Each structure stands twice: as C-alpha cells, then as structure tokens.
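Below is one structure, written out as structure tokens; comments come after it.
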Amino acid sequence: MPLGNFASLIHFLPELAVTATILLLVVVHVAGKNRQSAAPALLSLAGVGAALLLAALQPASAGRSLFEGMVALDGFAIFFKALTALATIVVIFMSMDSGELAGRSQAEYYIFLLSVLLGMFLLTASTDIVMLYLSLELVSIPSYLLAGYLKGRESSTEAAMKYVVYGATASGVMIYGFSLLYGLTGTTQIGEIGRALATGDAPLPVLLAAVMVTVGFGFKIAAVPFHMWSPDVYEGAPTPITAFLSVGPKAAGFAVLVRFFYTVFASPDVAAGVWKISSRVDWTLLFGVLSAVTMSVGNLVAVNQTNVKRLLAYSSIAHAGYMLMGFVLLTPAGLQAILFYLVVYLFMNLGAFYVVILVANGTRSENISDYSGLGSRAPFAAVSLAIFLFALTGIPPFSGFIGKVYLFAEVINRGVYWLAVVAALNSVVSLYYYARIVKVMFLEDPKDSTELPVPLFPRSVLCFLAIPTLLLGVYWEPVARVAANSVKLLAF
Amino acid sequence: MTGPANLIFYALAALTVGSAVLVAVLPNIVYAAVALLFSFAGVAGLYVFLSADFLAATQVLVYVGGILILILFAVFLSNRISDVKISNPARFQWQAALLCLALFGVLSTTAVRTVFPLKHGLTYQPTTAEIGELLMTRYLLPFEAASVLLLAALIGAALLSRPDGKGKGSADMEEPK
C-alpha cells in the first residue's frame, strides 16, 4: 500500500532538505548585497551535506511506496540519492575554485544546481510516469541554464541553445512513447503498466513505445545515437557543470532507465533471481547493439580530439556504453556492476575535470598541447590527472579496472561474448588517447616553464577524489557490498 | 461518433495538422506564428471532443492567449527578424522527406492497428473539480515538483534577460553590423 502524502513526509527528508536550501538561497540572494559572496556556496554545501547524511540514514531494508505511489523509497533510490548528492558536493567545491565562474552572480548558479539535484532525487525514485516526466524536466531545464551560465561567451550560449533544442526533442519523443503506454494500459503507475503489458499481446505499439522512451533516457545518459548534443555542451558549459552533467544526470539517467525498463518491459523471475522480458519485444538485443555502438563511437572519436573537455566528453559517452553492458543482462549482478562502476566513475571523472579546471585557471587553455610539461610545472595536479586517466582506462591497480572486471565478468558469465570482445577492443583504443595526455604532460617540454601553483584547498579536494580512485582498486569489498544490497530491493 | 460529430472531428483534425504543416513550411515567421494560432485552436477543439473541458480552456488561455501573443510580440519587437540570414540552410531534403514518411508510416500503422482498450458509457461531465481534487491528493508531489521547476525557470529567465552590469549587457541589444 502506498503511503499518503502526510505519512510520506518523514521518509522524504533528503528532498525536503534540498528544497529548503533552494528557498533559503532565494532569500539570501534577495537579501544579500554582494552578488559574488561565498555565502550561497557554503549554504548549498551545508544543505546538500545534510541531504547526503539524511539519505544515508534512510533504512534500506523495506521498500516503500510514497506519496500515493508517485515515488519509491528503496535501496536503489537511496543509493542514487547518496551518489548524486556526493557528486553535487564535489561539484560545489569545483565551482568555488573555478576561474570561469568568478565574478558572476553566485546565488542563481547554486539554485539551479540544487534544482537539478532535487530533480535527480525524484527521477531515480519515480514510479509514476507523470512524476517521472516532471522530474526529468526538473533535471533538464536548470541544466540548460547552467550550460549557458557564462553569458556573453559564445560557446556557452551555443551549448545552452543546442542542449535546449535536443532536450526538447528527446522529451517530446519520450512523452509520445508514454502516451502509447498509457493508451494501452490506462494507468500511469509503472508497476501496473508492467503487469498489464505482461498479459497483453501487442508487439508493435510496445516496441514503438520502448524505442521512444529509449530516446528520452538515451539523451540523458548520452548514448549513441542520442549523444549529438554532448560534445558541444560539454565544451561550451562552465567546466564544473561539464563535470556535473557527465556524472550526476548521467547516473540519474541510468537509474530511471533501469527502474523503468525492469518494471515496465520486464518482470522479476523470483525463482531464478533474475528478470525476464515480459513482452514479446526483445529490447535487450536493441540495448546490446546500442551499448557496442556507444562505446565504439565514443572511443574512436575521442582519439582525434585536441580540446581536453571534448575528449572527456567522448570518453564519458564511451563509459555510458560500458555501463549499458550491465543493463542488457537482466541480472542483479549486472546491475551491481553498473552501480559499482558509477561510484568509481564519479571519483575518476570528477577528478579529471577538476584538474582541467585548475590548469585552465592557470593557463586559460583547455588544449591538450598546453598540458605539455605539466609534470614539472604542477607535479601534484599532473600526477593526480595521470591517476584519474589510468583509472578511466581501466588499468590495474586503479579502481576503474575493478569496475570493468565486474562488468566484463557478468557479461561473460551470461554468455554475451561478442559484447565482451567489443568492449575489450574499446578499452585498448581508450588507452591510446588517455595515455597521450599523460605522455604530453610528462615527456614533452613545457612551452612555458613557469610553475602553476595549486593551493592547499584544491589539493585536499584532489586527494579526496584520488584516494578512493586508488583505494577502490585494491579494497573494493564494502562498496561492492553496498551496490549488491541496493540492487536486491529494486523489484518490490 | 456518427454523423455530424464525425465531420466536426475531421474538420478540427484537418485544421490542426494543416496549420502545423504551414508553420513548418511558411518562410515568413509572422505568417508561421499566425498558422500556429490555428493549430493551437484546433488542439483545443480536439480536447473538447475528448470531454476534457478544463484542458481545452487551458489550451486557449495559455497557448493561444499567452504563448502565441508572446511569440508575436517577440517577432514584432525584434528588428529585421523576418530577413535574417539563416545559417543552416535546408539540406538533405529528400532524405529527410523519406525518413519522415517512414516515421509517419510506422506511427499511423501503430495508431490504426493497435486495439486500445476503450472506456464505454462515458457521460460528458465537467472535469475541473476532479482535477483540482487530484492535484491536492494523488498528484500533490508532482504539483509541488512543478512549483520548484517553475521557480528555477523564473529565476533563469530573470538571469538571462538581466544586463550583466559590466556594460557588456547592452552588447546584444545593438544591431548586428
């Protein structure tokens, strides 16, 4: 039985904390005289920190349906709340250091950032397509504003414009798919839609609905062929936002993709402990191909990039491809691999972008050629970046390797050998372009040998990101266990 | 539906789709905006047919009355918007037409051949009270989420339209040379 609106509030504390912080930010913005003060950043840190704490304290044992069946409170939702809140905290640290955002009005920036966070909280928990669509827009619309936050810079405005056009198209197509599902089943609850489809027999509209919904979610996780927006948006947006988009909304996109498809187009097979496709539409094959194409396009195009933000954009497309491998298997272990990979990916990807910000603050450049000699100019930043890049490649003993082992092991376990081969070949390609940056940093002579100072605060944040990247490569057991526990509760 | 009701439905559908085609095809943006007006009005008529009286009224108030007037204001207030050089000229027209035809085939086949479950014995009743009650009970959370979304969008609109304060803000008001 879903809880009523008032009874649900006690289980809704992280979201309430974020909402209260947004409202406080509005008050601070109106009351404060100084547009550039650090107060909004610190207030947001406190608010998101509280939300993270409250999410972590939520009991993961019992799956509950809240607000008359609009959102679910289960281990899966709690996991993603904690993950996205953590990513937001790191992004707030990055934003405080960013030279791009200095001198611009601060309060609005954090209002948008926290609105996206609230949207992600709701999106990962939605069990009703009305709620799902609204929370998707709550993630998207402030993201457009954040991408265009550098008013007056042409690339930032272009990024926002492209993001709006692609985003509107993707959600329009997705809504069409939702309307087909509603027309077939007469309900907006995804659990009921799933049960109705399991007994029905209408392959064509179900297939069409699945494809159309995939467009909306594929846009959020930047899977090929819905990735067209991401290189331009990632390049033009302020770098902290690029980092945020590549981790936060992508993770939320995976969460909603899993929850929606595993509830609507598949049903749990309790005896075997896996999910099975409930309609006659074999969408797992579709996603298998999507996964292979996504990782291949991402990696192959990344090879030729000269701008480091664009390179990381294509690399993040490729990583979405790797994670999709876990999605097609319909097994708890596959999902566990995705969740574990997302944790690892959070640290290594945010870390790489953080170094990009620090270098750009000093050199005003995002070109790979300007990273030459970084090893002697800023050894700490260069070594950290090397760690993050090797982790992204998936070389032992870094954490990215363990993430990939979990994914590959389950793919091979389920006998999808062709996908494993494609992914292995892709990892080799990715080594080339990640290692090229490392080579430029350490083996090429600097064009300008002045030292790039990295103050204490960025150093400590870099350590906060680099230590888990290293540690999870040798001692990953607790995180893997949390990921495994978060999967079990999904089907309720 | 039989007889005249059927005829009115097809007239409304033709109005909606026909004006939507005109919006896409007409080169003059003012004409396109006016065609959009008729398309929106046609959709409002379709809502009436679905016995969604509240939605029909909202469609007229928000889209026809609000959004379209705003678009027309924006068009009239912007200098030389009607003879702007478009940077991305129409290319691949044949390929696009083929793709659209294929998509149309799939969508219409689905719409026609699918047996959607129908509700029988519906009486046409006002829906406003029911919508109001649902918004305060079952759909309270989406309603509140929408309010946060609108707040963020409002602040965003204010931010985007506000001059930067460094004298740069007036730059985009100047005429392109």
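The way I read the labels, and the way they are meant: chains A, B, ... in the order of the structure tokens, residue 1 as the first residue of every chain, and ligand 1 as the first ligand shown, with later ones counted on from there.
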
Residues of chain B no more than 6 Å from chain A, counting only C-alpha atoms: send them over as a ChimeraX atom specification.
-> /B:110,116,138,142,149

Any chance you could list, as a ChimeraX atom specification, the residues in range 6-166 of chain B that come up helix (DSSP H, G or I) when DSSP is run on the backbone?
-> /B:6-25,29-49,53-77,81-83,93-113,128-136,140-161

Write out as a PDB file with N, CA, C and O atoms, in the first residue's frame each polymer residue whose atoms come within 6 Å of range 123-137 of chain B, counting only C-alpha atoms; drop sequence neighbours fewer than 2 positions from it.
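Result went into result-v5.pdb, see below:
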ATOM      1  N   SER B  51     -13.855  15.391 -24.190  1.00  0.00           N
ATOM      2  CA  SER B  51     -14.565  15.788 -22.985  1.00  0.00           C
ATOM      3  C   SER B  51     -13.603  16.268 -21.912  1.00  0.00           C
ATOM      4  O   SER B  51     -13.822  16.108 -20.720  1.00  0.00           O
ATOM      5  N   PHE B  54     -11.550  21.284 -19.096  1.00  0.00           N
ATOM      6  CA  PHE B  54     -10.565  22.123 -18.426  1.00  0.00           C
ATOM      7  C   PHE B  54      -9.328  22.307 -19.302  1.00  0.00           C
ATOM      8  O   PHE B  54      -8.785  23.400 -19.459  1.00  0.00           O
ATOM      9  N   TYR B 139      -1.890  13.685  -6.876  1.00  0.00           N
ATOM     10  CA  TYR B 139      -0.799  14.282  -7.632  1.00  0.00           C
ATOM     11  C   TYR B 139      -0.179  15.474  -6.915  1.00  0.00           C
ATOM     12  O   TYR B 139       0.326  16.384  -7.552  1.00  0.00           O
ATOM     13  N   LEU B 140      -0.212  15.432  -5.560  1.00  0.00           N
ATOM     14  CA  LEU B 140       0.352  16.551  -4.808  1.00  0.00           C
ATOM     15  C   LEU B 140       1.846  16.681  -5.044  1.00  0.00           C
ATOM     16  O   LEU B 140       2.363  17.779  -5.232  1.00  0.00           O
TER      17      LEU B 140
END

Neighbours of Phe287 in chain A within 8 Å (only C-alpha atoms; same-chain residues fewer than 3 positions away dropped), as a PyMOL selection string?
-> chain A and resi 283-284+290-291+324+327-328

Option closest in space to Val422 in chain A, from A:Lys447, A:Ala292, A:Cys463, A:Leu346 [counting only C-alpha atoms] =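 Closest to Val422 in chain A, using only C-alpha atoms: A:Ala292.
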
Distance query Ala50 in chain A at most 10 Å, only C-alpha atoms, self and fewer than 5 positions along chain excluded, as a ChimeraX atom specification | /A:13-14,17-18,21,44-45,55-56,85

Pick from A:Val355, A:Val461, A:Leu339, A:Leu300, whichever lies nearest to Asn485 in chain A using only C-alpha atoms |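 Checking each candidate against Asn485 in chain A, we get A:Leu339 as the closest.
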
Atomic separation - CA of Ala72 in chain A relative to CA of Pro268 in chain A, Å = 16.9 Å
